[in-house]
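Q: Have a peek at my_file-v8.cif (mmCIF, N, CA and C atoms and all ligand atoms).
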```cif
data_query
loop_
_atom_site.label_atom_id
_atom_site.label_comp_id
_atom_site.auth_asym_id
_atom_site.auth_seq_id
_atom_site.Cartn_x
_atom_site.Cartn_y
_atom_site.Cartn_z
N MET V 286 123.23 81.74 109.01
CA MET V 286 123.08 81.92 107.57
C MET V 286 122.42 83.27 107.28
N PRO V 287 122.99 84.04 106.34
CA PRO V 287 122.36 85.33 106.04
C PRO V 287 120.96 85.16 105.43
N LEU V 288 120.14 86.16 105.66
CA LEU V 288 118.77 86.12 105.14
C LEU V 288 118.77 86.27 103.60
N ILE V 289 119.62 87.18 103.13
CA ILE V 289 119.73 87.38 101.67
C ILE V 289 121.20 87.29 101.31
N GLU V 290 121.48 86.64 100.20
CA GLU V 290 122.85 86.59 99.74
C GLU V 290 122.98 87.26 98.38
N TRP V 291 124.00 88.09 98.25
CA TRP V 291 124.25 88.77 96.99
C TRP V 291 124.62 87.73 95.94
N SER V 292 124.10 87.88 94.76
CA SER V 292 124.55 87.04 93.65
C SER V 292 124.44 87.91 92.41
N ASP V 293 124.97 87.44 91.29
CA ASP V 293 124.99 88.26 90.08
C ASP V 293 123.59 88.69 89.62
N ASP V 294 122.58 87.92 89.97
CA ASP V 294 121.27 88.35 89.50
C ASP V 294 120.72 89.56 90.28
N PHE V 295 121.54 90.08 91.21
CA PHE V 295 121.18 91.35 91.86
C PHE V 295 121.85 92.53 91.14
N SER V 296 122.81 92.21 90.26
CA SER V 296 123.55 93.31 89.64
C SER V 296 122.69 94.12 88.68
N VAL V 297 122.77 95.45 88.82
CA VAL V 297 122.02 96.32 87.91
C VAL V 297 122.96 96.96 86.88
N GLY V 298 124.20 96.48 86.84
CA GLY V 298 125.15 96.93 85.81
C GLY V 298 125.73 98.31 86.05
N ILE V 299 125.54 98.85 87.26
CA ILE V 299 126.12 100.15 87.60
C ILE V 299 126.84 99.97 88.93
N GLU V 300 128.14 100.20 88.90
CA GLU V 300 128.98 99.84 90.03
C GLU V 300 128.53 100.45 91.37
N THR V 301 128.27 101.76 91.36
CA THR V 301 127.89 102.42 92.62
C THR V 301 126.57 101.88 93.14
N ALA V 302 125.62 101.66 92.24
CA ALA V 302 124.32 101.14 92.68
C ALA V 302 124.50 99.73 93.26
N ASP V 303 125.35 98.92 92.63
CA ASP V 303 125.61 97.57 93.16
C ASP V 303 126.23 97.64 94.56
N ILE V 304 127.15 98.58 94.75
CA ILE V 304 127.78 98.74 96.07
C ILE V 304 126.72 99.11 97.11
N HIS V 305 125.84 100.06 96.72
CA HIS V 305 124.77 100.47 97.64
C HIS V 305 123.85 99.28 97.96
N HIS V 306 123.49 98.53 96.93
CA HIS V 306 122.59 97.39 97.14
C HIS V 306 123.22 96.33 98.05
N LYS V 307 124.54 96.13 97.87
CA LYS V 307 125.23 95.15 98.75
C LYS V 307 125.18 95.62 100.20
N LYS V 308 125.34 96.93 100.39
CA LYS V 308 125.30 97.50 101.74
C LYS V 308 123.89 97.33 102.34
N LEU V 309 122.85 97.57 101.52
CA LEU V 309 121.48 97.41 102.01
C LEU V 309 121.22 95.94 102.39
N ILE V 310 121.71 95.03 101.57
CA ILE V 310 121.56 93.60 101.87
C ILE V 310 122.25 93.30 103.20
N SER V 311 123.45 93.83 103.36
CA SER V 311 124.17 93.54 104.60
C SER V 311 123.46 94.13 105.83
N MET V 312 122.82 95.30 105.66
CA MET V 312 122.09 95.90 106.78
C MET V 312 120.86 95.06 107.15
N ILE V 313 120.19 94.55 106.13
CA ILE V 313 119.01 93.72 106.40
C ILE V 313 119.45 92.41 107.06
N ASN V 314 120.58 91.89 106.63
CA ASN V 314 121.12 90.69 107.28
C ASN V 314 121.50 90.96 108.74
N SER V 315 122.08 92.13 109.01
CA SER V 315 122.43 92.48 110.39
C SER V 315 121.19 92.55 111.27
N LEU V 316 120.15 93.13 110.69
CA LEU V 316 118.89 93.26 111.43
C LEU V 316 118.32 91.88 111.73
N HIS V 317 118.39 91.02 110.75
CA HIS V 317 117.89 89.66 110.90
C HIS V 317 118.68 88.91 111.96
N GLN V 318 120.00 89.09 111.92
CA GLN V 318 120.85 88.41 112.89
C GLN V 318 120.56 88.93 114.30
N ALA V 319 120.41 90.26 114.40
CA ALA V 319 120.12 90.87 115.70
C ALA V 319 118.79 90.35 116.24
N MET V 320 117.83 90.22 115.34
CA MET V 320 116.53 89.72 115.73
C MET V 320 116.63 88.28 116.23
N SER V 321 117.38 87.46 115.50
CA SER V 321 117.52 86.05 115.88
C SER V 321 118.29 85.87 117.18
N ASN V 322 119.24 86.78 117.43
CA ASN V 322 120.06 86.66 118.64
C ASN V 322 119.41 87.25 119.87
N GLY V 323 118.25 87.85 119.70
CA GLY V 323 117.60 88.50 120.83
C GLY V 323 118.36 89.74 121.28
N THR V 324 118.99 90.43 120.32
CA THR V 324 119.73 91.66 120.62
C THR V 324 118.78 92.72 121.19
N SER V 325 119.34 93.63 122.00
CA SER V 325 118.50 94.61 122.69
C SER V 325 117.71 95.51 121.72
N HIS V 326 116.61 96.00 122.24
CA HIS V 326 115.72 96.89 121.50
C HIS V 326 116.50 98.12 121.01
N GLU V 327 117.39 98.60 121.87
CA GLU V 327 118.15 99.81 121.56
C GLU V 327 119.05 99.59 120.32
N VAL V 328 119.72 98.45 120.29
CA VAL V 328 120.62 98.15 119.17
C VAL V 328 119.82 97.97 117.89
N ILE V 329 118.70 97.27 117.99
CA ILE V 329 117.87 97.04 116.81
C ILE V 329 117.33 98.37 116.28
N THR V 330 116.95 99.26 117.19
CA THR V 330 116.46 100.59 116.78
C THR V 330 117.54 101.31 115.99
N LYS V 331 118.79 101.18 116.45
CA LYS V 331 119.90 101.85 115.75
C LYS V 331 120.09 101.28 114.35
N ILE V 332 120.01 99.98 114.21
CA ILE V 332 120.20 99.35 112.89
C ILE V 332 119.08 99.79 111.95
N LEU V 333 117.87 99.80 112.48
CA LEU V 333 116.71 100.18 111.68
C LEU V 333 116.80 101.64 111.23
N SER V 334 117.24 102.52 112.12
CA SER V 334 117.40 103.93 111.75
C SER V 334 118.48 104.08 110.70
N ALA V 335 119.57 103.33 110.86
CA ALA V 335 120.66 103.40 109.88
C ALA V 335 120.18 102.90 108.52
N LEU V 336 119.33 101.89 108.54
CA LEU V 336 118.79 101.35 107.29
C LEU V 336 117.94 102.41 106.58
N LEU V 337 117.17 103.12 107.37
CA LEU V 337 116.32 104.18 106.83
C LEU V 337 117.16 105.28 106.19
N VAL V 338 118.19 105.73 106.90
CA VAL V 338 119.05 106.80 106.41
C VAL V 338 119.76 106.36 105.12
N TYR V 339 120.26 105.13 105.13
CA TYR V 339 121.00 104.65 103.96
C TYR V 339 120.09 104.45 102.75
N THR V 340 118.88 103.96 103.00
CA THR V 340 117.92 103.77 101.92
C THR V 340 117.59 105.11 101.26
N ASP V 341 117.38 106.11 102.09
CA ASP V 341 117.06 107.45 101.61
C ASP V 341 118.21 107.97 100.72
N LYS V 342 119.43 107.81 101.22
CA LYS V 342 120.62 108.28 100.51
C LYS V 342 120.73 107.55 99.14
N HIS V 343 120.52 106.27 99.18
CA HIS V 343 120.64 105.48 97.95
C HIS V 343 119.55 105.84 96.93
N PHE V 344 118.33 106.02 97.39
CA PHE V 344 117.25 106.38 96.48
C PHE V 344 117.54 107.74 95.83
N LYS V 345 118.08 108.66 96.62
CA LYS V 345 118.41 109.99 96.08
C LYS V 345 119.49 109.86 95.01
N TYR V 346 120.45 108.97 95.24
CA TYR V 346 121.52 108.76 94.26
C TYR V 346 120.91 108.32 92.92
N GLU V 347 120.00 107.34 92.97
CA GLU V 347 119.37 106.85 91.74
C GLU V 347 118.53 107.95 91.09
N GLU V 348 117.77 108.66 91.89
CA GLU V 348 116.89 109.70 91.34
C GLU V 348 117.70 110.82 90.69
N ASP V 349 118.85 111.15 91.26
CA ASP V 349 119.72 112.17 90.64
C ASP V 349 120.20 111.70 89.27
N LEU V 350 120.55 110.43 89.17
CA LEU V 350 120.98 109.88 87.87
C LEU V 350 119.84 109.97 86.87
N PHE V 351 118.63 109.61 87.31
CA PHE V 351 117.47 109.64 86.42
C PHE V 351 117.23 111.05 85.88
N LEU V 352 117.37 112.04 86.77
CA LEU V 352 117.12 113.42 86.37
C LEU V 352 118.22 113.91 85.43
N THR V 353 119.45 113.55 85.76
CA THR V 353 120.58 113.97 84.92
C THR V 353 120.43 113.47 83.48
N TYR V 354 119.97 112.22 83.35
CA TYR V 354 119.90 111.63 82.01
C TYR V 354 118.48 111.56 81.43
N ASN V 355 117.55 112.24 82.10
CA ASN V 355 116.17 112.25 81.61
C ASN V 355 115.57 110.85 81.42
N TYR V 356 115.71 110.06 82.44
CA TYR V 356 115.19 108.68 82.39
C TYR V 356 113.67 108.72 82.23
N PRO V 357 113.14 108.08 81.18
CA PRO V 357 111.69 108.18 80.93
C PRO V 357 110.81 107.59 82.03
N GLN V 358 111.34 106.64 82.81
CA GLN V 358 110.51 106.04 83.86
C GLN V 358 110.73 106.66 85.25
N TYR V 359 111.28 107.88 85.23
CA TYR V 359 111.58 108.56 86.49
C TYR V 359 110.38 108.60 87.45
N GLU V 360 109.24 109.05 86.95
CA GLU V 360 108.07 109.23 87.83
C GLU V 360 107.65 107.95 88.54
N GLU V 361 107.50 106.87 87.75
CA GLU V 361 107.07 105.59 88.36
C GLU V 361 108.09 105.08 89.37
N HIS V 362 109.36 105.21 88.98
CA HIS V 362 110.42 104.69 89.85
C HIS V 362 110.45 105.48 91.16
N LYS V 363 110.34 106.81 91.04
CA LYS V 363 110.37 107.65 92.24
C LYS V 363 109.18 107.35 93.15
N LYS V 364 108.05 107.09 92.54
CA LYS V 364 106.84 106.77 93.30
C LYS V 364 107.09 105.51 94.14
N GLU V 365 107.71 104.52 93.52
CA GLU V 365 108.00 103.28 94.26
C GLU V 365 108.98 103.55 95.40
N HIS V 366 109.99 104.37 95.13
CA HIS V 366 110.94 104.75 96.19
C HIS V 366 110.20 105.41 97.35
N ASP V 367 109.34 106.38 97.02
CA ASP V 367 108.64 107.12 98.07
C ASP V 367 107.78 106.19 98.92
N GLU V 368 107.13 105.24 98.26
CA GLU V 368 106.28 104.31 99.01
C GLU V 368 107.11 103.42 99.93
N LEU V 369 108.22 102.92 99.38
CA LEU V 369 109.08 102.04 100.18
C LEU V 369 109.66 102.78 101.38
N LEU V 370 110.10 104.00 101.12
CA LEU V 370 110.69 104.80 102.19
C LEU V 370 109.66 105.07 103.28
N CYS V 371 108.46 105.35 102.84
CA CYS V 371 107.38 105.62 103.77
C CYS V 371 107.11 104.38 104.65
N GLN V 372 107.13 103.21 104.03
CA GLN V 372 106.89 101.98 104.79
C GLN V 372 108.00 101.72 105.81
N VAL V 373 109.24 101.97 105.39
CA VAL V 373 110.35 101.76 106.33
C VAL V 373 110.31 102.81 107.45
N GLU V 374 109.92 104.03 107.11
CA GLU V 374 109.78 105.09 108.11
C GLU V 374 108.74 104.71 109.16
N GLU V 375 107.62 104.20 108.68
CA GLU V 375 106.53 103.79 109.56
C GLU V 375 106.99 102.68 110.51
N LEU V 376 107.71 101.74 109.93
CA LEU V 376 108.24 100.62 110.69
C LEU V 376 109.19 101.11 111.78
N ASN V 377 110.04 102.03 111.37
CA ASN V 377 111.02 102.61 112.28
C ASN V 377 110.34 103.33 113.44
N GLU V 378 109.32 104.13 113.10
CA GLU V 378 108.57 104.86 114.13
C GLU V 378 107.88 103.90 115.09
N LYS V 379 107.23 102.90 114.50
CA LYS V 379 106.47 101.93 115.29
C LYS V 379 107.40 101.21 116.27
N PHE V 380 108.55 100.86 115.74
CA PHE V 380 109.50 100.11 116.56
C PHE V 380 110.10 100.98 117.66
N LYS V 381 110.41 102.24 117.30
CA LYS V 381 111.02 103.15 118.26
C LYS V 381 110.10 103.46 119.43
N THR V 382 108.80 103.62 119.12
CA THR V 382 107.88 104.07 120.14
C THR V 382 107.20 102.93 120.91
N SER V 383 107.47 101.69 120.53
CA SER V 383 106.88 100.61 121.30
C SER V 383 107.95 99.58 121.62
N LYS V 384 107.58 98.64 122.44
CA LYS V 384 108.57 97.63 122.81
C LYS V 384 108.41 96.36 121.98
N THR V 385 107.75 96.52 120.84
CA THR V 385 107.53 95.33 120.02
C THR V 385 108.83 94.78 119.44
N CYS V 386 108.79 93.54 119.07
CA CYS V 386 109.96 92.90 118.47
C CYS V 386 109.83 92.98 116.96
N ILE V 387 110.97 92.84 116.30
CA ILE V 387 110.96 92.73 114.85
C ILE V 387 110.53 91.29 114.56
N SER V 388 109.44 91.15 113.88
CA SER V 388 108.94 89.80 113.64
C SER V 388 109.48 89.21 112.35
N ILE V 389 109.23 87.94 112.18
CA ILE V 389 109.59 87.24 110.94
C ILE V 389 108.91 87.92 109.76
N GLU V 390 107.66 88.38 109.98
CA GLU V 390 106.90 89.03 108.90
C GLU V 390 107.60 90.31 108.45
N VAL V 391 108.09 91.06 109.45
CA VAL V 391 108.78 92.31 109.13
C VAL V 391 110.05 92.02 108.33
N MET V 392 110.78 91.00 108.75
CA MET V 392 112.01 90.65 108.04
C MET V 392 111.70 90.20 106.62
N LYS V 393 110.61 89.46 106.49
CA LYS V 393 110.23 88.97 105.17
C LYS V 393 109.84 90.16 104.26
N PHE V 394 109.14 91.12 104.87
CA PHE V 394 108.75 92.31 104.14
C PHE V 394 109.99 93.07 103.64
N LEU V 395 110.98 93.26 104.53
CA LEU V 395 112.19 93.99 104.14
C LEU V 395 112.96 93.26 103.05
N LYS V 396 113.06 91.96 103.24
CA LYS V 396 113.78 91.14 102.27
C LYS V 396 113.11 91.20 100.90
N ASP V 397 111.78 91.04 100.91
CA ASP V 397 111.05 91.04 99.64
C ASP V 397 111.07 92.39 98.94
N TRP V 398 110.94 93.48 99.71
CA TRP V 398 110.92 94.76 99.01
C TRP V 398 112.25 95.04 98.37
N LEU V 399 113.32 94.71 99.06
CA LEU V 399 114.64 94.97 98.49
C LEU V 399 114.87 94.12 97.24
N LYS V 400 114.59 92.84 97.39
CA LYS V 400 114.80 91.90 96.29
C LYS V 400 113.94 92.27 95.06
N ASN V 401 112.66 92.48 95.30
CA ASN V 401 111.76 92.80 94.19
C ASN V 401 112.10 94.14 93.54
N HIS V 402 112.41 95.11 94.39
CA HIS V 402 112.72 96.42 93.82
C HIS V 402 113.97 96.36 92.94
N ILE V 403 115.01 95.71 93.44
CA ILE V 403 116.25 95.62 92.66
C ILE V 403 116.03 94.80 91.39
N GLN V 404 115.45 93.62 91.58
CA GLN V 404 115.38 92.71 90.43
C GLN V 404 114.30 93.06 89.42
N GLU V 405 113.30 93.80 89.83
CA GLU V 405 112.26 94.16 88.88
C GLU V 405 112.34 95.62 88.43
N THR V 406 112.34 96.53 89.39
CA THR V 406 112.28 97.95 89.01
C THR V 406 113.66 98.51 88.64
N ASP V 407 114.66 98.26 89.49
CA ASP V 407 115.99 98.83 89.21
C ASP V 407 116.57 98.31 87.90
N LYS V 408 116.40 97.03 87.66
CA LYS V 408 117.00 96.45 86.45
C LYS V 408 116.48 97.09 85.16
N GLN V 409 115.33 97.75 85.26
CA GLN V 409 114.79 98.41 84.07
C GLN V 409 115.63 99.59 83.63
N TYR V 410 116.46 100.16 84.53
CA TYR V 410 117.28 101.31 84.12
C TYR V 410 118.63 100.92 83.55
N THR V 411 119.02 99.65 83.68
CA THR V 411 120.36 99.23 83.26
C THR V 411 120.69 99.64 81.82
N ASP V 412 119.89 99.19 80.86
CA ASP V 412 120.22 99.47 79.46
C ASP V 412 120.23 100.97 79.17
N PHE V 413 119.23 101.65 79.73
CA PHE V 413 119.14 103.09 79.48
C PHE V 413 120.38 103.82 80.00
N LEU V 414 120.73 103.56 81.26
CA LEU V 414 121.86 104.29 81.85
C LEU V 414 123.19 103.84 81.23
N ASN V 415 123.32 102.55 80.97
CA ASN V 415 124.55 102.05 80.32
C ASN V 415 124.72 102.74 78.95
N SER V 416 123.61 102.94 78.24
CA SER V 416 123.72 103.57 76.92
C SER V 416 124.15 105.05 77.03
N LYS V 417 124.00 105.61 78.24
CA LYS V 417 124.44 107.01 78.46
C LYS V 417 125.86 107.03 79.01
N GLY V 418 126.47 105.84 79.09
CA GLY V 418 127.85 105.77 79.57
C GLY V 418 127.97 105.59 81.07
N VAL V 419 126.84 105.39 81.77
CA VAL V 419 126.90 105.17 83.23
C VAL V 419 127.09 103.67 83.47
N ARG V 420 128.15 103.35 84.18
CA ARG V 420 128.43 101.94 84.44
C ARG V 420 128.80 101.68 85.88
FE FE V 501 115.48 102.06 92.80
#
```
In structure tokens, write the structure found in this file.
Ligand SMILES: [Fe+2]

A:
Amino acid sequence: MPLIEWSDDFSVGIETADIHHKKLISMINSLHQAMSNGTSHEVITKILSALLVYTDKHFKYEEDLFLTYNYPQYEEHKKEHDELLCQVEELNEKFKTSKTCISIEVMKFLKDWLKNHIQETDKQYTDFLNSKGVR
């Protein structure tokens, strides 16, 4: 069973952002599956690095939209992105340089940050961006 399942309450009303979020959910599910299957450290490191790269790319996509349309909550939103990215970077480094396993706590942390960020922070831009014609 996947750790997180996409449903309409994840939709932020912008097609590209929804596609990115679905991809992030699927990457976190892959990581969870790899963890449960006892997949090798090397494979898990690769998934985690890919998650980091994709998260960075996705955050930049949102931030570019905010700048283009002068989104009033740009600063707060970017701050949250920077903090999240920093946490995933730390996790990635820690995992790469040690032989530790991805724990249930780590999976819960990843799941919660994604879910909370999308459902609480990202959803705040829906009306604003939709009103600028971004869908
Ligand atoms: Fe965001």

Q: List all protein, DNA and RNA residues that have an atom no more than 7 Å from any atom of ligand FE 501 (chain V), counting all atoms listed in the file, and report them as a PyMOL selection string.

A: chain V and resi 343-344+347+362+366+402-403+406-407

Q: Just list as an NGL selection string whatever in range 348-380 of chain V DSSP marks as alpha helix (DSSP H).

A: :V and (348-353 or 359-380)

Q: How about saving the chosen residues, N, CA and C atoms kept, as a short mmCIF file (atom, residue, chain, number, x, y, z; two decimals), in the coordinates of the input?

A:
```cif
data_model
loop_
_atom_site.label_atom_id
_atom_site.label_comp_id
_atom_site.auth_asym_id
_atom_site.auth_seq_id
_atom_site.Cartn_x
_atom_site.Cartn_y
_atom_site.Cartn_z
N GLU V 348 117.77 108.66 91.89
CA GLU V 348 116.89 109.70 91.34
C GLU V 348 117.70 110.82 90.69
N ASP V 349 118.85 111.15 91.26
CA ASP V 349 119.72 112.17 90.64
C ASP V 349 120.20 111.70 89.27
N LEU V 350 120.55 110.43 89.17
CA LEU V 350 120.98 109.88 87.87
C LEU V 350 119.84 109.97 86.87
N PHE V 351 118.63 109.61 87.31
CA PHE V 351 117.47 109.64 86.42
C PHE V 351 117.23 111.05 85.88
N LEU V 352 117.37 112.04 86.77
CA LEU V 352 117.12 113.42 86.37
C LEU V 352 118.22 113.91 85.43
N THR V 353 119.45 113.55 85.76
CA THR V 353 120.58 113.97 84.92
C THR V 353 120.43 113.47 83.48
N TYR V 359 111.28 107.88 85.23
CA TYR V 359 111.58 108.56 86.49
C TYR V 359 110.38 108.60 87.45
N GLU V 360 109.24 109.05 86.95
CA GLU V 360 108.07 109.23 87.83
C GLU V 360 107.65 107.95 88.54
N GLU V 361 107.50 106.87 87.75
CA GLU V 361 107.07 105.59 88.36
C GLU V 361 108.09 105.08 89.37
N HIS V 362 109.36 105.21 88.98
CA HIS V 362 110.42 104.69 89.85
C HIS V 362 110.45 105.48 91.16
N LYS V 363 110.34 106.81 91.04
CA LYS V 363 110.37 107.65 92.24
C LYS V 363 109.18 107.35 93.15
N LYS V 364 108.05 107.09 92.54
CA LYS V 364 106.84 106.77 93.30
C LYS V 364 107.09 105.51 94.14
N GLU V 365 107.71 104.52 93.52
CA GLU V 365 108.00 103.28 94.26
C GLU V 365 108.98 103.55 95.40
N HIS V 366 109.99 104.37 95.13
CA HIS V 366 110.94 104.75 96.19
C HIS V 366 110.20 105.41 97.35
N ASP V 367 109.34 106.38 97.02
CA ASP V 367 108.64 107.12 98.07
C ASP V 367 107.78 106.19 98.92
N GLU V 368 107.13 105.24 98.26
CA GLU V 368 106.28 104.31 99.01
C GLU V 368 107.11 103.42 99.93
N LEU V 369 108.22 102.92 99.38
CA LEU V 369 109.08 102.04 100.18
C LEU V 369 109.66 102.78 101.38
N LEU V 370 110.10 104.00 101.12
CA LEU V 370 110.69 104.80 102.19
C LEU V 370 109.66 105.07 103.28
N CYS V 371 108.46 105.35 102.84
CA CYS V 371 107.38 105.62 103.77
C CYS V 371 107.11 104.38 104.65
N GLN V 372 107.13 103.21 104.03
CA GLN V 372 106.89 101.98 104.79
C GLN V 372 108.00 101.72 105.81
N VAL V 373 109.24 101.97 105.39
CA VAL V 373 110.35 101.76 106.33
C VAL V 373 110.31 102.81 107.45
N GLU V 374 109.92 104.03 107.11
CA GLU V 374 109.78 105.09 108.11
C GLU V 374 108.74 104.71 109.16
N GLU V 375 107.62 104.20 108.68
CA GLU V 375 106.53 103.79 109.56
C GLU V 375 106.99 102.68 110.51
N LEU V 376 107.71 101.74 109.93
CA LEU V 376 108.24 100.62 110.69
C LEU V 376 109.19 101.11 111.78
N ASN V 377 110.04 102.03 111.37
CA ASN V 377 111.02 102.61 112.28
C ASN V 377 110.34 103.33 113.44
N GLU V 378 109.32 104.13 113.10
CA GLU V 378 108.57 104.86 114.13
C GLU V 378 107.88 103.90 115.09
N LYS V 379 107.23 102.90 114.50
CA LYS V 379 106.47 101.93 115.29
C LYS V 379 107.40 101.21 116.27
N PHE V 380 108.55 100.86 115.74
CA PHE V 380 109.50 100.11 116.56
C PHE V 380 110.10 100.98 117.66
#
```

Q: Counting only C-alpha atoms, what is within 8 Å of range 408-415 of chain V, bar same-chain residues fewer than 2 positions away, as a PyMOL selection string?

A: chain V and resi 296-299+354+356+403-406+417-420

Q: As an MDAnalysis selection string, please: the residues near range 331-342 of chain V (cut-off 12 Å, only C-alpha atoms, same-chain neighbours under 3 positions excluded).

A: chainID V and resid 302 304:320 324:328 345:349 363 366:381 387 391:392 395 398:399

Q: Any idea what the distance is between CA of Lys400 in chain V and CA of Phe295 in chain V?

A: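 Calculated distance between CA of Lys400 in chain V and CA of Phe295 in chain V is 7.8 Å.
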
Q: Grab the CA of Gly323 in chain V to CA of Asp397 in chain V distance for me, in Å with one decimal place.

A: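 Taking CA of Gly323 in chain V as the start and CA of Asp397 in chain V as the end point, the length is 22.3 Å.
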
Q: Identify which of the residues V:Ile329, V:Lys393, V:Ser321, V:Asp303 lies closest to Met286 in chain V, counting only C-alpha atoms when measuring atom-to-atom distances.

A: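 Among the listed residues, V:Ser321 lies closest to Met286 in chain V.
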
Q: Distance CA of Thr301 in chain V-atom N of Leu288 in chain V, one decimal place?

A: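 Pair CA of Thr301 in chain V / atom N of Leu288 in chain V returns 22.2 Å.
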
Q: Could you write range 334-351 of chain V as a short mmCIF file (atom, residue, chain, number, x, y, z; two decimals), in the coordinates of the input, with N, CA, C and O atoms rebuilt where they are missing?

A:
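Once written, rebuild.cif looks like this:
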```
data_model
loop_
_atom_site.label_atom_id
_atom_site.label_comp_id
_atom_site.auth_asym_id
_atom_site.auth_seq_id
_atom_site.Cartn_x
_atom_site.Cartn_y
_atom_site.Cartn_z
N SER V 334 117.24 102.52 112.12
CA SER V 334 117.40 103.93 111.75
C SER V 334 118.48 104.08 110.70
O SER V 334 118.33 104.85 109.75
N ALA V 335 119.57 103.33 110.86
CA ALA V 335 120.66 103.40 109.88
C ALA V 335 120.18 102.90 108.52
O ALA V 335 120.53 103.46 107.48
N LEU V 336 119.33 101.89 108.54
CA LEU V 336 118.79 101.35 107.29
C LEU V 336 117.94 102.41 106.58
O LEU V 336 118.03 102.60 105.37
N LEU V 337 117.17 103.12 107.37
CA LEU V 337 116.32 104.18 106.83
C LEU V 337 117.16 105.28 106.19
O LEU V 337 116.90 105.71 105.06
N VAL V 338 118.19 105.73 106.90
CA VAL V 338 119.05 106.80 106.41
C VAL V 338 119.76 106.36 105.12
O VAL V 338 119.81 107.09 104.13
N TYR V 339 120.26 105.13 105.13
CA TYR V 339 121.00 104.65 103.96
C TYR V 339 120.09 104.45 102.75
O TYR V 339 120.45 104.76 101.63
N THR V 340 118.88 103.96 103.00
CA THR V 340 117.92 103.77 101.92
C THR V 340 117.59 105.11 101.26
O THR V 340 117.59 105.25 100.04
N ASP V 341 117.38 106.11 102.09
CA ASP V 341 117.06 107.45 101.61
C ASP V 341 118.21 107.97 100.72
O ASP V 341 117.99 108.47 99.62
N LYS V 342 119.43 107.81 101.22
CA LYS V 342 120.62 108.28 100.51
C LYS V 342 120.73 107.55 99.14
O LYS V 342 120.98 108.17 98.12
N HIS V 343 120.52 106.27 99.18
CA HIS V 343 120.64 105.48 97.95
C HIS V 343 119.55 105.84 96.93
O HIS V 343 119.83 105.97 95.74
N PHE V 344 118.33 106.02 97.39
CA PHE V 344 117.25 106.38 96.48
C PHE V 344 117.54 107.74 95.83
O PHE V 344 117.31 107.94 94.64
N LYS V 345 118.08 108.66 96.62
CA LYS V 345 118.41 109.99 96.08
C LYS V 345 119.49 109.86 95.01
O LYS V 345 119.45 110.57 93.99
N TYR V 346 120.45 108.97 95.24
CA TYR V 346 121.52 108.76 94.26
C TYR V 346 120.91 108.32 92.92
O TYR V 346 121.23 108.86 91.86
N GLU V 347 120.00 107.34 92.97
CA GLU V 347 119.37 106.85 91.74
C GLU V 347 118.53 107.95 91.09
O GLU V 347 118.61 108.16 89.88
N GLU V 348 117.77 108.66 91.89
CA GLU V 348 116.89 109.70 91.34
C GLU V 348 117.70 110.82 90.69
O GLU V 348 117.29 111.36 89.66
N ASP V 349 118.85 111.15 91.26
CA ASP V 349 119.72 112.17 90.64
C ASP V 349 120.20 111.70 89.27
O ASP V 349 120.24 112.49 88.32
N LEU V 350 120.55 110.43 89.17
CA LEU V 350 120.98 109.88 87.87
C LEU V 350 119.84 109.97 86.87
O LEU V 350 120.03 110.37 85.72
N PHE V 351 118.63 109.61 87.31
CA PHE V 351 117.47 109.64 86.42
C PHE V 351 117.23 111.05 85.88
O PHE V 351 116.95 111.24 84.70
#
```
